[in-house]
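**Q** Take a look at final01.pdb, PDB, C-alpha atoms, pLDDT in the B column:
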ATOM      1  CA  ILE A  14      -2.846 -22.019 -29.590  1.00 52.00           C
ATOM      2  CA  LEU A  15      -0.252 -22.498 -32.286  1.00 58.00           C
ATOM      3  CA  THR A  16       0.863 -25.962 -33.179  1.00 66.00           C
ATOM      4  CA  SER A  17       3.802 -27.349 -35.052  1.00 74.00           C
ATOM      5  CA  ALA A  18       2.184 -30.743 -35.598  1.00 77.00           C
ATOM      6  CA  ARG A  19       2.262 -31.816 -39.224  1.00 84.00           C
ATOM      7  CA  PRO A  20      -1.240 -31.885 -40.747  1.00 85.00           C
ATOM      8  CA  ASN A  21      -2.509 -35.349 -41.629  1.00 88.00           C
ATOM      9  CA  PRO A  22      -6.117 -35.148 -42.902  1.00 89.00           C
ATOM     10  CA  MET A  23      -8.199 -38.271 -42.323  1.00 87.00           C
ATOM     11  CA  SER A  24     -11.099 -37.419 -44.641  1.00 90.00           C
ATOM     12  CA  PRO A  25     -11.875 -35.609 -47.905  1.00 92.00           C
ATOM     13  CA  TYR A  26     -13.319 -32.792 -45.773  1.00 90.00           C
ATOM     14  CA  GLY A  27     -10.057 -32.428 -43.842  1.00 90.00           C
ATOM     15  CA  PHE A  28      -8.041 -32.604 -47.059  1.00 94.00           C
ATOM     16  CA  SER A  29     -10.115 -29.782 -48.588  1.00 94.00           C
ATOM     17  CA  LYS A  30      -9.535 -27.630 -45.479  1.00 92.00           C
ATOM     18  CA  LEU A  31      -5.766 -28.233 -45.607  1.00 93.00           C
ATOM     19  CA  SER A  32      -5.742 -27.412 -49.331  1.00 95.00           C
ATOM     20  CA  ALA A  33      -7.459 -24.083 -48.637  1.00 94.00           C
ATOM     21  CA  GLU A  34      -4.927 -23.266 -45.893  1.00 93.00           C
ATOM     22  CA  LEU A  35      -2.010 -24.029 -48.202  1.00 94.00           C
ATOM     23  CA  LEU A  36      -3.536 -21.921 -50.975  1.00 95.00           C
ATOM     24  CA  ALA A  37      -3.911 -18.984 -48.573  1.00 94.00           C
ATOM     25  CA  GLN A  38      -0.277 -19.355 -47.476  1.00 92.00           C
ATOM     26  CA  GLU A  39       0.923 -19.441 -51.077  1.00 95.00           C
ATOM     27  CA  TYR A  40      -1.146 -16.391 -51.999  1.00 94.00           C
ATOM     28  CA  SER A  41       0.257 -14.583 -48.969  1.00 94.00           C
ATOM     29  CA  GLN A  42       3.847 -15.362 -49.942  1.00 94.00           C
ATOM     30  CA  CYS A  43       3.387 -14.516 -53.625  1.00 96.00           C
ATOM     31  CA  PHE A  44       1.414 -11.304 -53.235  1.00 97.00           C
ATOM     32  CA  GLY A  45       2.358 -10.044 -49.769  1.00 94.00           C
ATOM     33  CA  VAL A  46      -1.185 -10.335 -48.453  1.00 91.00           C
ATOM     34  CA  ASN A  47      -1.573 -11.210 -44.776  1.00 91.00           C
ATOM     35  CA  SER A  48      -3.481 -14.406 -44.065  1.00 89.00           C
ATOM     36  CA  ILE A  49      -4.279 -16.550 -41.072  1.00 87.00           C
ATOM     37  CA  SER A  50      -5.737 -20.034 -40.831  1.00 87.00           C
ATOM     38  CA  VAL A  51      -8.083 -20.778 -37.965  1.00 87.00           C
ATOM     39  CA  ARG A  52      -9.372 -24.241 -37.126  1.00 83.00           C
ATOM     40  CA  PRO A  53     -12.233 -23.748 -34.695  1.00 84.00           C
ATOM     41  CA  PHE A  54     -13.760 -26.834 -33.128  1.00 78.00           C
ATOM     42  CA  SER A  55     -16.183 -27.656 -30.360  1.00 80.00           C
ATOM     43  CA  LEU A  56     -18.052 -24.399 -30.875  1.00 83.00           C
ATOM     44  CA  TYR A  57     -21.548 -23.857 -29.572  1.00 83.00           C
ATOM     45  CA  GLY A  58     -24.088 -21.082 -29.811  1.00 84.00           C
ATOM     46  CA  PRO A  59     -27.407 -20.119 -31.377  1.00 85.00           C
ATOM     47  CA  GLY A  60     -28.316 -22.384 -34.285  1.00 77.00           C
ATOM     48  CA  LEU A  61     -25.314 -24.685 -33.879  1.00 71.00           C
ATOM     49  CA  LYS A  62     -25.818 -28.404 -33.361  1.00 64.00           C
ATOM     50  CA  LYS A  63     -24.148 -30.214 -30.508  1.00 66.00           C
ATOM     51  CA  GLN A  64     -21.861 -32.133 -32.859  1.00 71.00           C
ATOM     52  CA  LEU A  65     -20.618 -34.738 -30.416  1.00 74.00           C
ATOM     53  CA  LEU A  66     -24.120 -35.813 -29.385  1.00 77.00           C
ATOM     54  CA  TRP A  67     -25.406 -35.591 -32.965  1.00 77.00           C
ATOM     55  CA  ASP A  68     -22.552 -37.778 -34.198  1.00 80.00           C
ATOM     56  CA  ALA A  69     -23.086 -40.363 -31.447  1.00 85.00           C
ATOM     57  CA  CYS A  70     -26.853 -40.582 -32.047  1.00 86.00           C
ATOM     58  CA  ASN A  71     -26.338 -40.797 -35.803  1.00 85.00           C
ATOM     59  CA  LYS A  72     -23.834 -43.658 -35.422  1.00 89.00           C
ATOM     60  CA  PHE A  73     -26.003 -45.544 -32.915  1.00 92.00           C
ATOM     61  CA  SER A  74     -29.036 -45.273 -35.216  1.00 94.00           C
ATOM     62  CA  LYS A  75     -26.964 -47.050 -37.895  1.00 93.00           C
ATOM     63  CA  GLY A  76     -25.799 -49.743 -35.483  1.00 93.00           C
ATOM     64  CA  ILE A  77     -22.271 -48.309 -35.274  1.00 91.00           C
ATOM     65  CA  GLY A  78     -20.776 -48.172 -31.804  1.00 86.00           C
ATOM     66  CA  GLU A  79     -17.141 -47.408 -32.636  1.00 85.00           C
ATOM     67  CA  PHE A  80     -15.469 -44.031 -32.177  1.00 81.00           C
ATOM     68  CA  PHE A  81     -11.931 -42.733 -32.674  1.00 79.00           C
ATOM     69  CA  GLY A  82      -9.780 -42.273 -29.591  1.00 81.00           C
ATOM     70  CA  THR A  83      -9.229 -44.057 -26.321  1.00 85.00           C
ATOM     71  CA  GLY A  84     -12.218 -42.765 -24.376  1.00 80.00           C
ATOM     72  CA  GLU A  85      -9.889 -40.767 -22.128  1.00 85.00           C
ATOM     73  CA  GLU A  86     -10.075 -37.592 -24.250  1.00 78.00           C
ATOM     74  CA  VAL A  87     -11.294 -34.336 -22.736  1.00 78.00           C
ATOM     75  CA  ARG A  88     -13.207 -31.803 -24.800  1.00 75.00           C
ATOM     76  CA  ASP A  89     -13.575 -28.098 -24.140  1.00 79.00           C
ATOM     77  CA  TRP A  90     -16.408 -26.069 -25.636  1.00 81.00           C
ATOM     78  CA  LEU A  91     -16.110 -22.506 -26.920  1.00 87.00           C
ATOM     79  CA  HIS A  92     -18.981 -20.133 -27.611  1.00 89.00           C
ATOM     80  CA  VAL A  93     -19.014 -18.919 -31.204  1.00 89.00           C
ATOM     81  CA  GLU A  94     -19.019 -15.254 -30.100  1.00 93.00           C
ATOM     82  CA  ASP A  95     -15.875 -15.812 -28.016  1.00 93.00           C
ATOM     83  CA  ALA A  96     -14.193 -17.525 -30.960  1.00 91.00           C
ATOM     84  CA  SER A  97     -15.104 -14.605 -33.226  1.00 91.00           C
ATOM     85  CA  SER A  98     -13.672 -12.115 -30.726  1.00 94.00           C
ATOM     86  CA  MET A  99     -10.377 -14.004 -30.513  1.00 89.00           C
ATOM     87  CA  ILE A 100     -10.023 -14.137 -34.308  1.00 88.00           C
ATOM     88  CA  VAL A 101     -10.694 -10.401 -34.695  1.00 88.00           C
TER
END
Starting from the coordinates I provided, produce the structure as structure tokens.

**A**
Amino acid sequence: ILTSARPNPMSPYGFSKLSAELLAQEYSQCFGVNSISVRPFSLYGPGLKKQLLWDACNKFSKGIGEFFGTGEEVRDWLHVEDASSMIV
């Protein structure tokens, strides 16, 4: 899915990912090298942690019970092999 939404990182991690995407775009424009940015999320598969449950348990263990969002969000999960196939 392509999106036209303007990136707005909320963390240093997100900012570093956006910086890498912009660097790849610049390199592509300057040197004529094809590039693509992929932002996979909600992946699962062998050796991958269930991030949503891990995050919730980690927050609860620290006495934090607040999460982003409204509680009405829906999350889809994608197997890492399917994600790899789509990228290729």

**Q** Could you list, as a list of chain:residue names, every residue within 12 Å of segment 66-69 of chain A, counting only C-alpha atoms and ignoring same-chain residues fewer than 6 positions away?

**A** A:Ser55, A:Lys75, A:Gly76, A:Ile77, A:Gly78, A:Glu79, A:Phe80, A:Phe81

**Q** Expressed in Å to a single decimal, how great is the separation between atom CA of Tyr26 of chain A and atom CA of Val101 of chain A?

**A**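 These atoms are spaced 25.1 Å apart.
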
**Q** Applied to this file, what does the PyMOL selection byres ((chain A and resi 30-37) around 10) return in terms of residues, put as a PyMOL selection string?

**A** chain A and resi 20-22+24-29+38-43+46-52

**Q** Can I get the selected residues back with C-alpha atoms, as a PDB file, keeping the file's coordinate frame?

**A**
ATOM      1  CA  PRO A  20      -1.240 -31.885 -40.747  1.00 85.00           C
ATOM      2  CA  ASN A  21      -2.509 -35.349 -41.629  1.00 88.00           C
ATOM      3  CA  PRO A  22      -6.117 -35.148 -42.902  1.00 89.00           C
ATOM      4  CA  SER A  24     -11.099 -37.419 -44.641  1.00 90.00           C
ATOM      5  CA  PRO A  25     -11.875 -35.609 -47.905  1.00 92.00           C
ATOM      6  CA  TYR A  26     -13.319 -32.792 -45.773  1.00 90.00           C
ATOM      7  CA  GLY A  27     -10.057 -32.428 -43.842  1.00 90.00           C
ATOM      8  CA  PHE A  28      -8.041 -32.604 -47.059  1.00 94.00           C
ATOM      9  CA  SER A  29     -10.115 -29.782 -48.588  1.00 94.00           C
ATOM     10  CA  GLN A  38      -0.277 -19.355 -47.476  1.00 92.00           C
ATOM     11  CA  GLU A  39       0.923 -19.441 -51.077  1.00 95.00           C
ATOM     12  CA  TYR A  40      -1.146 -16.391 -51.999  1.00 94.00           C
ATOM     13  CA  SER A  41       0.257 -14.583 -48.969  1.00 94.00           C
ATOM     14  CA  GLN A  42       3.847 -15.362 -49.942  1.00 94.00           C
ATOM     15  CA  CYS A  43       3.387 -14.516 -53.625  1.00 96.00           C
ATOM     16  CA  VAL A  46      -1.185 -10.335 -48.453  1.00 91.00           C
ATOM     17  CA  ASN A  47      -1.573 -11.210 -44.776  1.00 91.00           C
ATOM     18  CA  SER A  48      -3.481 -14.406 -44.065  1.00 89.00           C
ATOM     19  CA  ILE A  49      -4.279 -16.550 -41.072  1.00 87.00           C
ATOM     20  CA  SER A  50      -5.737 -20.034 -40.831  1.00 87.00           C
ATOM     21  CA  VAL A  51      -8.083 -20.778 -37.965  1.00 87.00           C
ATOM     22  CA  ARG A  52      -9.372 -24.241 -37.126  1.00 83.00           C
TER      23      ARG A  52
END

**Q** Give me, as CSV, each residue of segment 26-76 of chain A that comes within 9 Å of segment 85-90 of chain A, together with its shortest interatomic pair and the distance in Å at one decimal, counting only C-alpha atoms, with rows ordered by chain and rising residue number.

**A**
residue,atom,partner,partner_atom,distance
A:Phe54,CA,A:Trp90,CA,8.0
A:Ser55,CA,A:Trp90,CA,5.0
A:Leu56,CA,A:Trp90,CA,5.7
A:Tyr57,CA,A:Trp90,CA,6.8

**Q** Selection from above, C-alpha atoms, as a PDB file, in the frame of the given file, can you write it?

**A**
ATOM      1  CA  PHE A  54     -13.760 -26.834 -33.128  1.00 78.00           C
ATOM      2  CA  SER A  55     -16.183 -27.656 -30.360  1.00 80.00           C
ATOM      3  CA  LEU A  56     -18.052 -24.399 -30.875  1.00 83.00           C
ATOM      4  CA  TYR A  57     -21.548 -23.857 -29.572  1.00 83.00           C
TER       5      TYR A  57
END

**Q** Given the file above and the PyMOL selection byres ((chain A and resi 93-99) around 9), which residues are selected, and can you give them as a ChimeraX atom specification?

**A** /A:53,56-59,61,91-92,100-101

**Q** For segment 38-50 of chain A, I'd like the enclosing box, axis-aligned and padded by 3 Å on every side, reported as AutoDock Vina command-line options with centre and edge lengths in Å to one decimal.

**A**
--center_x -0.9 --center_y -15.0 --center_z -47.2 --size_x 15.6 --size_y 16.0 --size_z 18.8
